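Take a look at the structure below.
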Amino acid sequence: MTNNSSFKRKLIASVVASSAMVGLASGAHAQDGDEAMLEEIVVTGIRASLTRAMDIKRDSRGIVDAISAEDIGKFPDTNLAESLQRITGVSIDRRDGEGAKVTVRGLGPDFNLVTLNGRQMPGATLEATVASGSRSFDFANLASEGVTGVEVYKTARADVPPGGMGATINILTPRPLELDSRASIGVKGVMDESSVDSELTPEISGIFTDTYADGKFGVAVTASYQERQGGSAAAQIGTGWRSFPGTVVQDWSGAPGVTNEWGGVDFANGNHQNQPAAEDVYSTPQQMGYAFTEFERKRTNGQLTLQFAPNEDLTTTLDYTYSQNEIDSEYNDVGGWFNFGGQSTIFTDNESPSVQTPLLYSEDMTNGDLPFGVGEQSSLYENNSVGFNVEWNPIDPLTLSLDVHSSEAEARPNNPYGNSVGIAVSAYVRDQTTLNVKGDMPVLILDIVDGAGGSSLRTEDLQVSGSFFRNSQMKHEIDQVQLDGEWEFNDAMRLQFGIARTESDYRSAFSNVQRDTWGGLGEAGDMPADFFTRETILDRFDKEYADTTSEEMAFLGGSNTMPLNERFAFNFQDVRDFAAANYDDGSGPADCAEGGSFYCAAAPDQFNEIYEDSDSAYVQFNWDTFVAEMPLGVNAGVRYESTEVSTPATAQSYGPIEWVAANEFTMPTVGDADSVIDSGDYDFLLPSLDLSLEVVQDVILRASYGQSIARPNWLDLRGGTSYSQGVRVNGGTASRGNPGLEPFKSDNFDLSAEWYYGEASYVSVGYFQKEVENFLGSRVVREEAPLANTPHPALGERAQAAIDSGIAPNDVGAIRQYIFDNFPDPETAYMDGSGNIIIVGIPGEDPNSPFDVTETANSDQTVDIDGWELAVQHNFWDTGFGVIANYTLVDESTEFDNMVLRDPQFAITGVSDTANLIAFYEKDGWQARIAYNWRDSFLASTASGTGNNPIYVDEYSQVDLNVSYDVTDNLSVFFEGLNLTEESGRNFGRADEQVLGFYQGYARYNIGARYSF
């Protein structure tokens, strides 16, 4: 991308800046004088990197921040996202302890466009249950060693591709004709303390760049291979909290004191302290458990770039980029579900009206299941991009650039059983079960039924129960052609123009083989005892939990006060093979060779395809002039975007719902799915204006206005409705897309003042405002009977007869038993070969199931986001010491109201204040950097899996350290430490006490060496 200066730069600043910037596809050529200097001057190190980044910020139109490599093959951080979080206004989402996606100025990953050398890059990710619909690029797939710089464009420009309403992030890779002949190789050992069996894992990277034929031909090769081993420990209320009004209504028998909804507290029965008032809102947990994961990751990156410049008027570039990321993990978990019967509670006593939370929630779960899960998640992410670029200067005023690339990203299982698979074994020994959320970390307290080991768990009580084998796949392809031009009228006036065609194809597929035999298969003790290892729980966490007193437990009805602190760990393959050999019921081969087994992945049967074609054109006028002898730079442009969306989809038919466990229902598919096709289109005219005025030397004022768009999540665009086969007692869940959705559209305003007062030293303050239209929000809509032939056995006459007999509506286990005892039928109320009661819905007698449908829609409201960015970068003369500090304050006009339960709410997610404080030292061969990063709490989701319930992420801070020493001019050694204070993560629901997850934090250490020649 061409950078226009509002003042005449010094020659050395021009050389340093141009060595770091490759630019977008429409980028400018280095001048002859600069090229000569580049052959003589190589500036490296922290201070040189900061100087290059500062020059980019200073010389750019609009608000641009950048990070530059300290030397060839040496980016400041081992992860690109972790480097980006040092930029003012940028925060990151972490996965497996590493930065994965970025949020800019409060707008999340899907609002930010990532480009590679100016080209739009596809992305593919898999979630635990389905293929993702995210457009955002996962920085964990790309090694930093092959990156020369990253630019963050925070304001809209006509010559920047659309899609980055928060920012456009351009990743720059080496161009050999713009660099000296250099080579570098690095080796590293990584020690991740999150793994139980931590060991040093290797990383190796190399880069080579050279020119031939008197500088006419250039080659650049980068490659890296990394292995990493790690783990995680989490205490979770994984399915969230169900929320209810505190209003007291009559129960089924006419007595006051029960919330007449499944999942609510029966205040007429049980023991309850601090009962919520009528004007309050309260919540109940669905389950609680602990999960422990060990993972291995192998990441391979490579890039080959060939350049040929037969003369100074023509440069051709051919490049190929490849990345592969294999992530394999195995988890063991333990936990317990609640049935919402026989409840006892001790609530918060907040001043009404407010959200009240049961700090202690307890149920009588006599002979309830205590499931131990084992599973594997295994995914392979692969990215390929090949591109060709021609820059031609046919006549002096005119420069043309043609850029063509074809890129694809694919995510698929890396395991013959699927990408996410799991089997549970259960001991049916739970008695009184209590959840304690008085502390930051939730804990589970159990009484064990008499005769089942007292306070200790036994292997002879275990039997195989439910399982799932999920197979998700995703592929995203982009084919793009761009033609850019620039006509230079004179040194102060230029016109840029361009056209582009972009074709994006998104495809995802999914299948799930799930066996809902959570009530158990076979007999307890069938499995060999040597499958299981007894392990502890609480020593994996360093957070103190709140104690439960004997008085509290006596009130709740239990006897044990200590949290569960033992579990059984076991191997997935052992239990899977045992289950396949003993409980497959002849449905298929146990070795998965031909499919059809309960314990094998099935070929995908749910498909999403979305085809998005965009045509664009832009013109941009650049003018350098003076106002009252002050240099003034003007960029004015307009971009036209026209997009068409087409999406084939499937419509599946289902059969009567089967009640297979106390609170487990399944909805089987019937016949083949029908195909449907839907489409949508839109076009936008996006103006932009950037002004920069150097009021006195080295003091620049900027003002910018621009319109930008961000396209919807892929799955928000899909046609049809996807229904979950897992159903609950009160109905099912589904999700629905809409290919006619309009993209987000934002009017962006920016004002800033910057003072560049010394070498690599500046201070800046900026104000930004975004007015967002077409905001997309998720809402949950209750549809009473959207599917034919789905009678729900818990909602019909047989269930009502059980309630009329005196069984409480919340006692679903007793209702199910009553139907089996009083309405036996070999087809609709029977016991299967494994001894499980099966109740099947009866068409015409039981009503078809209702569904909570999560759908996405454009809102007609405008959302305002505004904030301040404050930054200072200072070098302390020749001492070698320096400091970088920045703070971003962000506010928005919408806010999620925790007191509103049923009505869908629209609110921007991911908005939070952020801060960075970095101290560095560079002298006498030593380089050291210590960085503190902080992000305030923020709303992550407005609709969790249990309805219109929010997910908040607690505030988080992290301290990282990097130290290196130049042993010789060519050899350096380094040490890196990430999350040195082992900060943990936490998220919560409508109240801080409604913890959803506590995630233990760990440190990671790297040690290595680099050799340059």
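Just so we're on the same page: first chain in the structure tokens is A, next is B, and so on; residues restart at 1 for each chain, and ligands are numbered from 1 in the order they show up.
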
Step one, run DSSP on the backbone; step two, keep only residues of stretch 323-405 of chain A assigned to strand (DSSP E or B); then write them as a count of residues only.
68

Which residues are near A:Glu330? Cut-off 10 Å, only C-alpha atoms, ignore same chain within fewer than 4 positions. Put them as a VMD selection string.
chain A and resid 231 292 to 296 374 to 378 420 to 422 571 to 572

Please produce a file of the residues just selected, as a PDB file, in the first residue's frame, where the atoms kept are C-alpha atoms.
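Output (out-v2.pdb):
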ATOM      1  CA  GLY A 231      -2.463 -29.319  28.962  1.00  0.00           C
ATOM      2  CA  PHE A 292      -8.230 -32.312  32.444  1.00  0.00           C
ATOM      3  CA  THR A 293      -6.649 -32.261  28.995  1.00  0.00           C
ATOM      4  CA  GLU A 294      -3.263 -33.112  27.540  1.00  0.00           C
ATOM      5  CA  PHE A 295      -2.480 -31.986  23.990  1.00  0.00           C
ATOM      6  CA  GLU A 296       0.254 -32.230  21.393  1.00  0.00           C
ATOM      7  CA  VAL A 374     -12.713 -39.799  28.281  1.00  0.00           C
ATOM      8  CA  GLY A 375     -12.348 -38.404  24.815  1.00  0.00           C
ATOM      9  CA  GLU A 376     -10.106 -37.219  22.050  1.00  0.00           C
ATOM     10  CA  GLN A 377     -10.157 -34.054  20.013  1.00  0.00           C
ATOM     11  CA  SER A 378      -8.006 -34.237  16.938  1.00  0.00           C
ATOM     12  CA  SER A 420     -14.303 -34.855  18.681  1.00  0.00           C
ATOM     13  CA  VAL A 421     -15.146 -38.187  20.284  1.00  0.00           C
ATOM     14  CA  GLY A 422     -15.956 -39.313  23.795  1.00  0.00           C
ATOM     15  CA  ASN A 571      -7.495 -44.415  28.090  1.00  0.00           C
ATOM     16  CA  PHE A 572      -9.991 -43.694  25.323  1.00  0.00           C
TER      17      PHE A 572
END

Exercise: A:Gln273 partners within 8 Å, only C-alpha atoms, chain neighbours under 3 positions left out, as a tab-separated table (two decimals) with N, CA and C atoms, in the first residue's frame:
chain	number	residue	atom	x	y	z
A	345	THR	N	-31.23	-24.89	48.92
A	345	THR	CA	-30.41	-23.78	48.44
A	345	THR	C	-30.08	-22.80	49.55
A	346	ILE	N	-28.95	-22.13	49.39
A	346	ILE	CA	-28.60	-20.95	50.18
A	346	ILE	C	-28.23	-19.86	49.17
A	347	PHE	N	-29.11	-18.88	49.01
A	347	PHE	CA	-28.95	-17.86	47.99
A	347	PHE	C	-28.15	-16.66	48.51

Taking only residues of stretch 779-836 of chain A that have an atom at most 10 Å from an atom of stretch 732-748 of chain A, what is each one's shortest atom pair and its distance in Å to one decimal, using only C-alpha atoms, in chain and number order, as JSON lines?
{"residue": "A:Arg779", "atom": "CA", "partner": "A:Ser735", "partner_atom": "CA", "distance": 9.9}
{"residue": "A:Val780", "atom": "CA", "partner": "A:Ser735", "partner_atom": "CA", "distance": 8.8}
{"residue": "A:Val781", "atom": "CA", "partner": "A:Ala734", "partner_atom": "CA", "distance": 9.6}
{"residue": "A:Arg782", "atom": "CA", "partner": "A:Thr733", "partner_atom": "CA", "distance": 9.2}
{"residue": "A:Glu783", "atom": "CA", "partner": "A:Thr733", "partner_atom": "CA", "distance": 9.8}
{"residue": "A:His792", "atom": "CA", "partner": "A:Gly732", "partner_atom": "CA", "distance": 9.8}

Take the residues that were just selected and, keeping C-alpha atoms, output them as an mmCIF file, in the first residue's frame.
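And here is the file that came out, again-v8.cif:
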data_model
loop_
_atom_site.group_PDB
_atom_site.id
_atom_site.type_symbol
_atom_site.label_atom_id
_atom_site.label_comp_id
_atom_site.auth_asym_id
_atom_site.auth_seq_id
_atom_site.Cartn_x
_atom_site.Cartn_y
_atom_site.Cartn_z
ATOM 1 C CA ARG A 779 -31.995 -14.299 19.809
ATOM 2 C CA VAL A 780 -33.790 -17.401 20.997
ATOM 3 C CA VAL A 781 -37.351 -17.792 19.691
ATOM 4 C CA ARG A 782 -39.750 -20.368 21.094
ATOM 5 C CA GLU A 783 -41.522 -22.299 18.318
ATOM 6 C CA HIS A 792 -42.558 -35.595 22.876
#

Residue neighbourhood stretch 821-834 of chain A, 8 Å, only C-alpha atoms, exclusion window fewer than 4 positions, as a PyMOL selection string
chain A and resi 520-522+798+817+838-842

Those residues with N, CA and C atoms, as a JSON list (two decimals), in the first residue's frame please?
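What landed in part08.json:
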[["chain", "number", "residue", "atom", "x", "y", "z"],
["A", 520, "GLY", "N", -26.51, -46.47, 31.44],
["A", 520, "GLY", "CA", -25.57, -47.57, 31.60],
["A", 520, "GLY", "C", -25.82, -48.71, 30.64],
["A", 521, "LEU", "N", -24.75, -49.39, 30.29],
["A", 521, "LEU", "CA", -24.79, -50.58, 29.45],
["A", 521, "LEU", "C", -24.17, -51.74, 30.21],
["A", 522, "GLY", "N", -24.70, -52.93, 30.03],
["A", 522, "GLY", "CA", -24.13, -54.10, 30.70],
["A", 522, "GLY", "C", -24.31, -54.01, 32.21],
["A", 798, "ARG", "N", -49.62, -39.29, 28.98],
["A", 798, "ARG", "CA", -49.02, -40.23, 29.93],
["A", 798, "ARG", "C", -48.24, -39.48, 31.01],
["A", 817, "GLN", "N", -40.56, -43.45, 35.04],
["A", 817, "GLN", "CA", -40.82, -44.78, 35.63],
["A", 817, "GLN", "C", -42.32, -45.05, 35.69],
["A", 838, "ILE", "N", -37.01, -47.22, 27.81],
["A", 838, "ILE", "CA", -37.16, -46.36, 26.64],
["A", 838, "ILE", "C", -38.63, -45.99, 26.52],
["A", 839, "ILE", "N", -38.93, -44.71, 26.54],
["A", 839, "ILE", "CA", -40.29, -44.20, 26.34],
["A", 839, "ILE", "C", -40.29, -43.43, 25.02],
["A", 840, "VAL", "N", -41.18, -43.82, 24.10],
["A", 840, "VAL", "CA", -41.23, -43.22, 22.76],
["A", 840, "VAL", "C", -42.49, -42.39, 22.63],
["A", 841, "GLY", "N", -42.36, -41.21, 22.01],
["A", 841, "GLY", "CA", -43.52, -40.37, 21.78],
["A", 841, "GLY", "C", -44.54, -41.03, 20.86],
["A", 842, "ILE", "N", -45.81, -40.80, 21.14],
["A", 842, "ILE", "CA", -46.89, -41.41, 20.36],
["A", 842, "ILE", "C", -47.54, -40.34, 19.49]]

Would you mind reading off the distance between atom CA of A:Gly498 and atom CA of A:Glu391, one decimal, in Å?
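Value for the atom CA of A:Gly498-atom CA of A:Glu391 distance: 13.3 Å.
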